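S.K.: For reference, the file run36.pdb (PDB, C-alpha atoms) is included below:
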```pdb
ATOM      1  CA  MET A   1     163.924 115.301 123.594
ATOM      2  CA  THR A   2     166.986 114.791 121.417
ATOM      3  CA  ASP A   3     167.355 116.216 117.922
ATOM      4  CA  ASP A   4     167.312 112.730 116.385
ATOM      5  CA  ALA A   5     164.043 111.691 118.073
ATOM      6  CA  PRO A   6     161.389 110.507 115.594
ATOM      7  CA  PRO A   7     158.707 113.070 114.792
ATOM      8  CA  LYS A   8     155.536 112.738 116.813
ATOM      9  CA  THR A   9     152.591 111.367 114.859
ATOM     10  CA  PRO A  10     149.826 113.985 114.684
ATOM     11  CA  PRO A  11     146.404 112.972 115.991
ATOM     12  CA  ILE A  12     143.507 112.318 113.645
ATOM     13  CA  LEU A  13     141.681 115.527 112.788
ATOM     14  CA  GLN A  14     138.036 115.318 113.852
ATOM     15  CA  THR A  15     135.723 117.530 111.787
ATOM     16  CA  PRO A  16     131.929 117.777 111.293
ATOM     17  CA  ARG A  17     132.025 115.569 108.202
ATOM     18  CA  ASN A  18     134.083 112.718 109.680
ATOM     19  CA  THR A  19     132.286 112.787 113.038
ATOM     20  CA  LEU A  20     129.753 109.963 113.209
ATOM     21  CA  GLN A  21     126.254 110.987 114.213
ATOM     22  CA  ARG A  22     124.382 107.667 114.154
ATOM     23  CA  LEU A  23     125.653 104.873 116.430
ATOM     24  CA  SER A  24     128.520 107.116 117.437
ATOM     25  CA  ARG A  25     129.541 104.589 120.106
ATOM     26  CA  ARG A  26     130.948 102.471 117.294
ATOM     27  CA  ALA A  27     133.234 105.250 116.079
ATOM     28  CA  SER A  28     136.926 105.695 116.690
ATOM     29  CA  TYR A  29     139.267 108.535 115.824
ATOM     30  CA  ASN A  30     142.310 106.716 117.158
ATOM     31  CA  ARG A  31     145.118 106.502 114.612
ATOM     32  CA  ASP A  32     146.208 103.041 115.743
ATOM     33  CA  VAL A  33     142.666 101.698 115.315
ATOM     34  CA  ILE A  34     142.349 103.279 111.869
ATOM     35  CA  ASN A  35     145.757 102.018 110.733
ATOM     36  CA  ALA A  36     145.028  98.489 111.939
ATOM     37  CA  ILE A  37     141.853  98.334 109.861
ATOM     38  CA  LEU A  38     143.613  99.717 106.800
ATOM     39  CA  ASP A  39     146.417  97.188 107.183
ATOM     40  CA  ASP A  40     143.925  94.313 107.166
ATOM     41  CA  GLY A  41     142.321  95.419 103.894
ATOM     42  CA  TYR A  42     143.418  95.461 100.281
ATOM     43  CA  VAL A  43     140.721  97.273  98.296
ATOM     44  CA  ALA A  44     139.507 100.837  98.812
ATOM     45  CA  THR A  45     136.881 102.832  96.965
ATOM     46  CA  VAL A  46     138.149 106.244  95.852
ATOM     47  CA  SER A  47     135.346 108.741  95.122
ATOM     48  CA  ALA A  48     135.382 112.305  93.835
ATOM     49  CA  LEU A  49     133.618 114.678  91.461
ATOM     50  CA  VAL A  50     134.703 114.356  87.834
ATOM     51  CA  ASP A  51     133.144 116.782  85.344
ATOM     52  CA  GLY A  52     130.328 117.521  87.758
ATOM     53  CA  ALA A  53     129.380 113.891  88.439
ATOM     54  CA  VAL A  54     130.421 111.541  91.200
ATOM     55  CA  ARG A  55     132.889 108.872  90.119
ATOM     56  CA  ALA A  56     133.999 105.958  92.289
ATOM     57  CA  GLN A  57     136.762 103.450  91.656
ATOM     58  CA  PRO A  58     137.636 100.327  93.659
ATOM     59  CA  ILE A  59     141.409 100.031  93.778
ATOM     60  CA  TYR A  60     144.253  98.236  95.549
ATOM     61  CA  TYR A  61     145.890 100.380  98.232
ATOM     62  CA  TRP A  62     148.674 100.183 100.776
ATOM     63  CA  ARG A  63     149.726 102.269 103.767
ATOM     64  CA  MET A  64     153.103 103.752 104.595
ATOM     65  CA  GLY A  65     153.176 105.672 107.857
ATOM     66  CA  ASP A  66     150.478 108.324 107.864
ATOM     67  CA  GLU A  67     149.711 108.074 104.142
ATOM     68  CA  LEU A  68     147.638 105.767 101.985
ATOM     69  CA  PHE A  69     148.844 105.119  98.428
ATOM     70  CA  VAL A  70     147.325 103.934  95.152
ATOM     71  CA  HIS A  71     148.646 103.713  91.608
ATOM     72  CA  GLY A  72     147.112 103.518  88.167
ATOM     73  CA  SER A  73     147.221 104.747  84.598
ATOM     74  CA  ARG A  74     148.291 108.328  83.984
ATOM     75  CA  HIS A  75     145.226 108.611  81.722
ATOM     76  CA  ASN A  76     142.837 107.752  84.574
ATOM     77  CA  ALA A  77     140.188 110.494  84.562
ATOM     78  CA  LEU A  78     139.563 110.207  88.296
ATOM     79  CA  PHE A  79     143.260 110.504  89.095
ATOM     80  CA  LYS A  80     143.648 113.533  86.844
ATOM     81  CA  SER A  81     140.654 115.177  88.503
ATOM     82  CA  LEU A  82     142.184 114.645  91.945
ATOM     83  CA  LEU A  83     145.378 116.375  90.871
ATOM     84  CA  GLU A  84     143.301 119.356  89.749
ATOM     85  CA  GLY A  85     142.379 119.913  93.391
ATOM     86  CA  ARG A  86     139.241 117.812  93.812
ATOM     87  CA  GLU A  87     138.567 116.555  97.311
ATOM     88  CA  VAL A  88     138.485 112.804  97.707
ATOM     89  CA  CYS A  89     136.565 110.400  99.914
ATOM     90  CA  ILE A  90     138.202 107.009 100.435
ATOM     91  CA  THR A  91     136.345 104.126 102.051
ATOM     92  CA  VAL A  92     137.502 100.714 103.211
ATOM     93  CA  ALA A  93     135.140  98.089 104.646
ATOM     94  CA  LEU A  94     135.972  94.644 106.034
ATOM     95  CA  LEU A  95     133.280  92.037 106.686
ATOM     96  CA  ASP A  96     133.895  89.998 109.853
ATOM     97  CA  GLY A  97     130.624  88.115 110.180
ATOM     98  CA  LEU A  98     126.921  87.801 109.390
ATOM     99  CA  VAL A  99     124.712  88.497 112.401
ATOM    100  CA  LEU A 100     121.498  86.474 112.328
ATOM    101  CA  ALA A 101     118.900  87.696 114.777
ATOM    102  CA  ARG A 102     115.484  86.381 115.808
ATOM    103  CA  SER A 103     113.746  89.179 113.960
ATOM    104  CA  ALA A 104     114.295  90.511 110.462
ATOM    105  CA  PHE A 105     114.853  94.023 111.774
ATOM    106  CA  HIS A 106     117.868  93.112 113.917
ATOM    107  CA  HIS A 107     119.822  91.125 111.333
ATOM    108  CA  SER A 108     123.177  92.821 110.871
ATOM    109  CA  MET A 109     126.846  92.366 110.074
ATOM    110  CA  ASN A 110     130.031  92.564 112.074
ATOM    111  CA  TYR A 111     132.433  94.831 110.245
ATOM    112  CA  ARG A 112     135.320  97.283 110.465
ATOM    113  CA  SER A 113     135.442 100.332 108.235
ATOM    114  CA  VAL A 114     137.414 103.510 107.619
ATOM    115  CA  VAL A 115     136.472 106.725 105.840
ATOM    116  CA  ILE A 116     139.161 109.234 104.835
ATOM    117  CA  TYR A 117     138.678 112.747 103.442
ATOM    118  CA  GLY A 118     141.399 114.857 101.914
ATOM    119  CA  MET A 119     143.444 115.839  98.896
ATOM    120  CA  ALA A 120     145.755 113.780  96.724
ATOM    121  CA  ARG A 121     149.394 114.411  95.972
ATOM    122  CA  GLU A 122     151.353 112.860  93.148
ATOM    123  CA  VAL A 123     154.541 111.079  94.109
ATOM    124  CA  THR A 124     157.109 112.396  91.623
ATOM    125  CA  ASP A 125     160.452 112.179  93.427
ATOM    126  CA  PRO A 126     162.191 109.150  91.857
ATOM    127  CA  ALA A 127     163.580 107.796  95.138
ATOM    128  CA  GLU A 128     160.266 108.145  96.965
ATOM    129  CA  ARG A 129     158.307 106.695  94.056
ATOM    130  CA  ASN A 130     160.615 103.686  93.952
ATOM    131  CA  ALA A 131     160.174 103.139  97.699
ATOM    132  CA  VAL A 132     156.391 103.462  97.445
ATOM    133  CA  LEU A 133     156.149 101.054  94.504
ATOM    134  CA  LYS A 134     158.421  98.607  96.307
ATOM    135  CA  ALA A 135     156.124  98.758  99.340
ATOM    136  CA  SER A 136     153.122  97.994  97.128
ATOM    137  CA  VAL A 137     154.737  94.760  95.947
ATOM    138  CA  GLU A 138     156.224  93.798  99.301
ATOM    139  CA  ARG A 139     152.794  94.050 100.908
ATOM    140  CA  LEU A 140     151.560  91.326  98.571
ATOM    141  CA  ALA A 141     154.551  89.046  99.079
ATOM    142  CA  LYS A 142     157.498  89.736 101.368
ATOM    143  CA  GLY A 143     160.811  89.647  99.506
ATOM    144  CA  ARG A 144     159.129  89.743  96.091
ATOM    145  CA  TRP A 145     160.667  93.050  94.996
ATOM    146  CA  GLU A 146     164.172  91.603  94.891
ATOM    147  CA  GLN A 147     163.021  88.660  92.734
ATOM    148  CA  ILE A 148     161.183  90.501  89.963
ATOM    149  CA  ARG A 149     161.969  92.880  87.108
ATOM    150  CA  LYS A 150     161.685  96.480  88.282
ATOM    151  CA  PRO A 151     159.500  99.014  86.388
ATOM    152  CA  ASN A 152     161.191 100.401  83.298
ATOM    153  CA  GLU A 153     161.087 104.031  82.200
ATOM    154  CA  ALA A 154     158.099 103.564  79.888
ATOM    155  CA  GLU A 155     156.113 101.871  82.660
ATOM    156  CA  LEU A 156     157.012 104.612  85.128
ATOM    157  CA  ARG A 157     155.985 107.346  82.700
ATOM    158  CA  GLY A 158     152.603 105.702  82.219
ATOM    159  CA  THR A 159     151.959 105.148  85.924
ATOM    160  CA  MET A 160     150.648 107.731  88.366
ATOM    161  CA  VAL A 161     151.283 107.187  92.069
ATOM    162  CA  LEU A 162     149.053 109.108  94.465
ATOM    163  CA  GLY A 163     149.350 109.601  98.190
ATOM    164  CA  PHE A 164     146.573 110.624 100.577
ATOM    165  CA  PRO A 165     147.139 111.859 104.124
ATOM    166  CA  ILE A 166     145.403 109.802 106.808
ATOM    167  CA  SER A 167     144.487 112.872 108.818
ATOM    168  CA  GLU A 168     140.748 113.609 108.499
ATOM    169  CA  ALA A 169     139.430 110.102 109.056
ATOM    170  CA  SER A 170     137.205 107.924 111.190
ATOM    171  CA  ALA A 171     136.720 104.254 111.899
ATOM    172  CA  LYS A 172     133.454 102.474 112.594
ATOM    173  CA  ALA A 173     133.026  98.885 113.705
ATOM    174  CA  ARG A 174     130.483  96.409 114.990
ATOM    175  CA  ALA A 175     131.291  93.226 116.903
ATOM    176  CA  GLY A 176     129.342  90.693 118.898
ATOM    177  CA  GLY A 177     126.090  88.822 118.567
ATOM    178  CA  PRO A 178     122.554  89.896 117.727
ATOM    179  CA  VAL A 179     120.658  92.288 119.962
ATOM    180  CA  ASP A 180     117.012  91.288 119.844
ATOM    181  CA  ASP A 181     113.891  92.755 121.351
ATOM    182  CA  PRO A 182     113.109  91.234 124.773
ATOM    183  CA  ASP A 183     109.933  89.490 123.551
ATOM    184  CA  ASP A 184     111.841  87.732 120.745
ATOM    185  CA  TYR A 185     114.352  85.823 122.871
ATOM    186  CA  GLY A 186     111.944  82.956 123.457
ATOM    187  CA  MET A 187     111.424  82.264 119.759
ATOM    188  CA  PRO A 188     112.454  78.759 118.592
ATOM    189  CA  VAL A 189     114.809  80.065 115.912
ATOM    190  CA  TRP A 190     118.608  79.904 115.701
ATOM    191  CA  ALA A 191     120.418  83.198 116.282
ATOM    192  CA  GLY A 192     124.109  84.011 116.321
ATOM    193  CA  VAL A 193     127.085  84.972 114.177
ATOM    194  CA  ILE A 194     128.507  83.323 111.067
ATOM    195  CA  PRO A 195     132.167  84.436 111.023
ATOM    196  CA  CYS A 196     133.742  85.696 107.802
ATOM    197  CA  ALA A 197     137.416  86.216 106.985
ATOM    198  CA  VAL A 198     139.646  86.771 103.968
ATOM    199  CA  THR A 199     141.777  83.688 103.373
ATOM    200  CA  PHE A 200     144.343  82.784 100.734
ATOM    201  CA  GLY A 201     144.531  79.337  99.168
ATOM    202  CA  GLU A 202     147.378  77.297  97.748
ATOM    203  CA  GLU A 203     149.477  78.961  95.072
ATOM    204  CA  ILE A 204     148.598  78.209  91.444
ATOM    205  CA  GLU A 205     151.803  78.404  89.455
ATOM    206  CA  ASP A 206     151.855  80.053  86.051
ATOM    207  CA  THR A 207     153.292  77.317  83.837
ATOM    208  CA  ASN A 208     153.156  79.380  80.659
ATOM    209  CA  LEU A 209     156.714  80.195  79.592
ATOM    210  CA  GLN A 210     155.723  82.054  76.439
ATOM    211  CA  PRO A 211     154.127  85.496  76.123
ATOM    212  CA  PRO A 212     150.451  85.468  75.046
ATOM    213  CA  MET A 213     149.933  85.516  71.295
TER     214      MET A 213
END
```
As structure tokens, how would this structure be written, given the file I've shared?
M.R.:
Amino acid sequence: MTDDAPPKTPPILQTPRNTLQRLSRRASYNRDVINAILDDGYVATVSALVDGAVRAQPIYYWRMGDELFVHGSRHNALFKSLLEGREVCITVALLDGLVLARSAFHHSMNYRSVVIYGMAREVTDPAERNAVLKASVERLAKGRWEQIRKPNEAELRGTMVLGFPISEASAKARAGGPVDDPDDYGMPVWAGVIPCAVTFGEEIEDTNLQPPM
């Protein structure tokens, strides 16, 4: 191995709390599987204890390497709690289809999901923060960063950028059709999968050239 070889990506850490107990055959602790699911999603739920009570916040996220990033107001109580050393649980779920079975009990959904446990870090280095914020915009629209006004100092001071290691994590997924009881297969009722996917429509241009009053 040469000195300039890229660092080896560490494997996902499997612990008692991220090890699936029920339907464990649907679980994966493979980093490529986990990253692929994260890269197909846009909204995560970040959960932690704040003042002794559970608080959860849906939020836009993006991945860079082995870290997941979010940003928000510096006054965000959940963010401030995370920087005080609170452990976080981050979940992402993608719906791929509705599974309609012949019995009520076996109706289900096809999905892909990821759960991440860990601690937050604030991105404070100016160069890294700029790169992370650029990645957040570029994920929404390639080449957009070079077209827009960059964050000014006041905006940067009011924005907190947090990174979370994708290390203690697991993926869980279901695919395929319904699995009915043997006696139900002869029932005269439709069964199968209704696919579901996130799609984007035609752009709707903002024609307002004046700031809101």
S.K.: Distance atom CA of Lys172 of chain A-atom CA of Val43 of chain A, one decimal place?
M.R.: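 For atom CA of Lys172 of chain A relative to atom CA of Val43 of chain A, the distance reads 16.9 Å.
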S.K.: Here is a test: counting all atoms listed in the file, which residue of A:Pro11, A:Pro165, A:Gly41, A:Pro195 is nearest to Ser28 of chain A?
M.R.: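 Looking at the shortest contact to Ser28 of chain A, the residue is A:Pro11.
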S.K.: May I ask which of the residues A:Val198, A:Ala120, A:Ala135, A:Val50 is the closest one to Ala77 of chain A, counting only C-alpha atoms?
M.R.: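 Distance minimum relative to Ala77 of chain A lands on A:Val50.
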S.K.: Centre and edge lengths of an axis-aligned box around all listed atoms of segment 170-174 of chain A, with 6 Å added on each side, are to be given in Å to one decimal, as JSON.
M.R.:
```
{"center_x": 133.8, "center_y": 102.2, "center_z": 113.1, "size_x": 18.7, "size_y": 23.5, "size_z": 15.8}
```
S.K.: Please compute the atom CA of Ala36 of chain A-atom CA of Ser24 of chain A distance, one decimal, in Å.
M.R.: 19.4 Å
S.K.: Using all atoms listed in the file, pick whichever of A:Arg149, A:Arg157, A:Arg31, A:Arg121 has the shortest atom-to-atom distance to Gly85 of chain A.
M.R.: A:Arg121
S.K.: Go through A:Tyr111, A:Tyr117, A:Phe105, A:Phe79 one by one, measure the shortest atom-to-atom distance of each to Ser170 of chain A using all atoms listed in the file, and give the residue with the smallest value.
M.R.: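 Comparing A:Tyr111, A:Tyr117, A:Phe105, A:Phe79 against Ser170 of chain A, the winner is A:Tyr117.
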S.K.: Give me, please, the distance in Å between atom CA of Glu146 of chain A and atom CA of Glu128 of chain A, quoted to one decimal.
M.R.: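 Between atom CA of Glu146 of chain A and atom CA of Glu128 of chain A the gap is 17.1 Å.
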S.K.: Applying the PyMOL selection byres ((chain A and resi 46) around 9) to the file I just gave you, which residues come out? Please list them as a list in words.
M.R.: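 Selected by the PyMOL selection byres ((chain A and resi 46) around 9) here: Ala44, Thr45, Ser47, Ala48, Arg55, Ala56, Gln57, Pro58, Ile59, Leu78, Val88, Cys89, Ile90 and Thr91 of chain A.
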S.K.: Between A:Asn30, A:Ala93, A:Leu13, A:Glu84, which is the closest to Arg174 of chain A once you count only C-alpha atoms?
M.R.: A:Ala93
S.K.: Please provide as an NGL selection string all residues within 10 Å of Val161 of chain A, with the sequence filter that same-chain residues fewer than 4 positions apart are discarded (counting all atoms listed in the file).
M.R.: :A and (69-74 or 79 or 120-124 or 129 or 132-133 or 156)
S.K.: Of the candidates A:Glu155, A:Gly97, A:Asp32, A:Ser136, which one gets nearest to Tyr60 of chain A if we count all atoms listed in the file?
M.R.: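 The answer is A:Ser136, which sits nearest to Tyr60 of chain A.
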S.K.: Quick one: residues within 10 Å of Ile34 of chain A, only C-alpha atoms, excluding same-chain residues fewer than 4 positions away - as a PDB file with C-alpha atoms, in the frame of the given file?
M.R.:
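Wrote result.pdb, looks like this:
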```pdb
ATOM      1  CA  ILE A  12     143.507 112.318 113.645  1.00  0.00           C
ATOM      2  CA  SER A  28     136.926 105.695 116.690  1.00  0.00           C
ATOM      3  CA  TYR A  29     139.267 108.535 115.824  1.00  0.00           C
ATOM      4  CA  ASN A  30     142.310 106.716 117.158  1.00  0.00           C
ATOM      5  CA  LEU A  38     143.613  99.717 106.800  1.00  0.00           C
ATOM      6  CA  ASP A  39     146.417  97.188 107.183  1.00  0.00           C
ATOM      7  CA  ARG A 112     135.320  97.283 110.465  1.00  0.00           C
ATOM      8  CA  SER A 113     135.442 100.332 108.235  1.00  0.00           C
ATOM      9  CA  VAL A 114     137.414 103.510 107.619  1.00  0.00           C
ATOM     10  CA  VAL A 115     136.472 106.725 105.840  1.00  0.00           C
ATOM     11  CA  ILE A 116     139.161 109.234 104.835  1.00  0.00           C
ATOM     12  CA  ILE A 166     145.403 109.802 106.808  1.00  0.00           C
ATOM     13  CA  ALA A 169     139.430 110.102 109.056  1.00  0.00           C
ATOM     14  CA  SER A 170     137.205 107.924 111.190  1.00  0.00           C
ATOM     15  CA  ALA A 171     136.720 104.254 111.899  1.00  0.00           C
ATOM     16  CA  LYS A 172     133.454 102.474 112.594  1.00  0.00           C
TER      17      LYS A 172
END
```
S.K.: Considering all atoms listed in the file, give me a table of residues in segment 85-106 of chain A that are at most 10 Å from segment 184-189 of chain A, with the closest atom pair and distance in Å for each, as JSON lines.
M.R.:
```
{"residue": "A:Leu100", "atom": "CA", "partner": "A:Val189", "partner_atom": "CA", "distance": 9.9}
{"residue": "A:Ala101", "atom": "CA", "partner": "A:Val189", "partner_atom": "CA", "distance": 8.7}
{"residue": "A:Arg102", "atom": "CA", "partner": "A:Asp184", "partner_atom": "CA", "distance": 6.3}
{"residue": "A:Ser103", "atom": "CA", "partner": "A:Asp184", "partner_atom": "CA", "distance": 7.2}
```
S.K.: For Gly177 of chain A, please output as a list in words all residues within 8 Å (counting all atoms listed in the file; exclusion window: fewer than 3 positions along the same chain).
M.R.: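 My list of contacting residues is Val99, Gly192 and Val193 of chain A.
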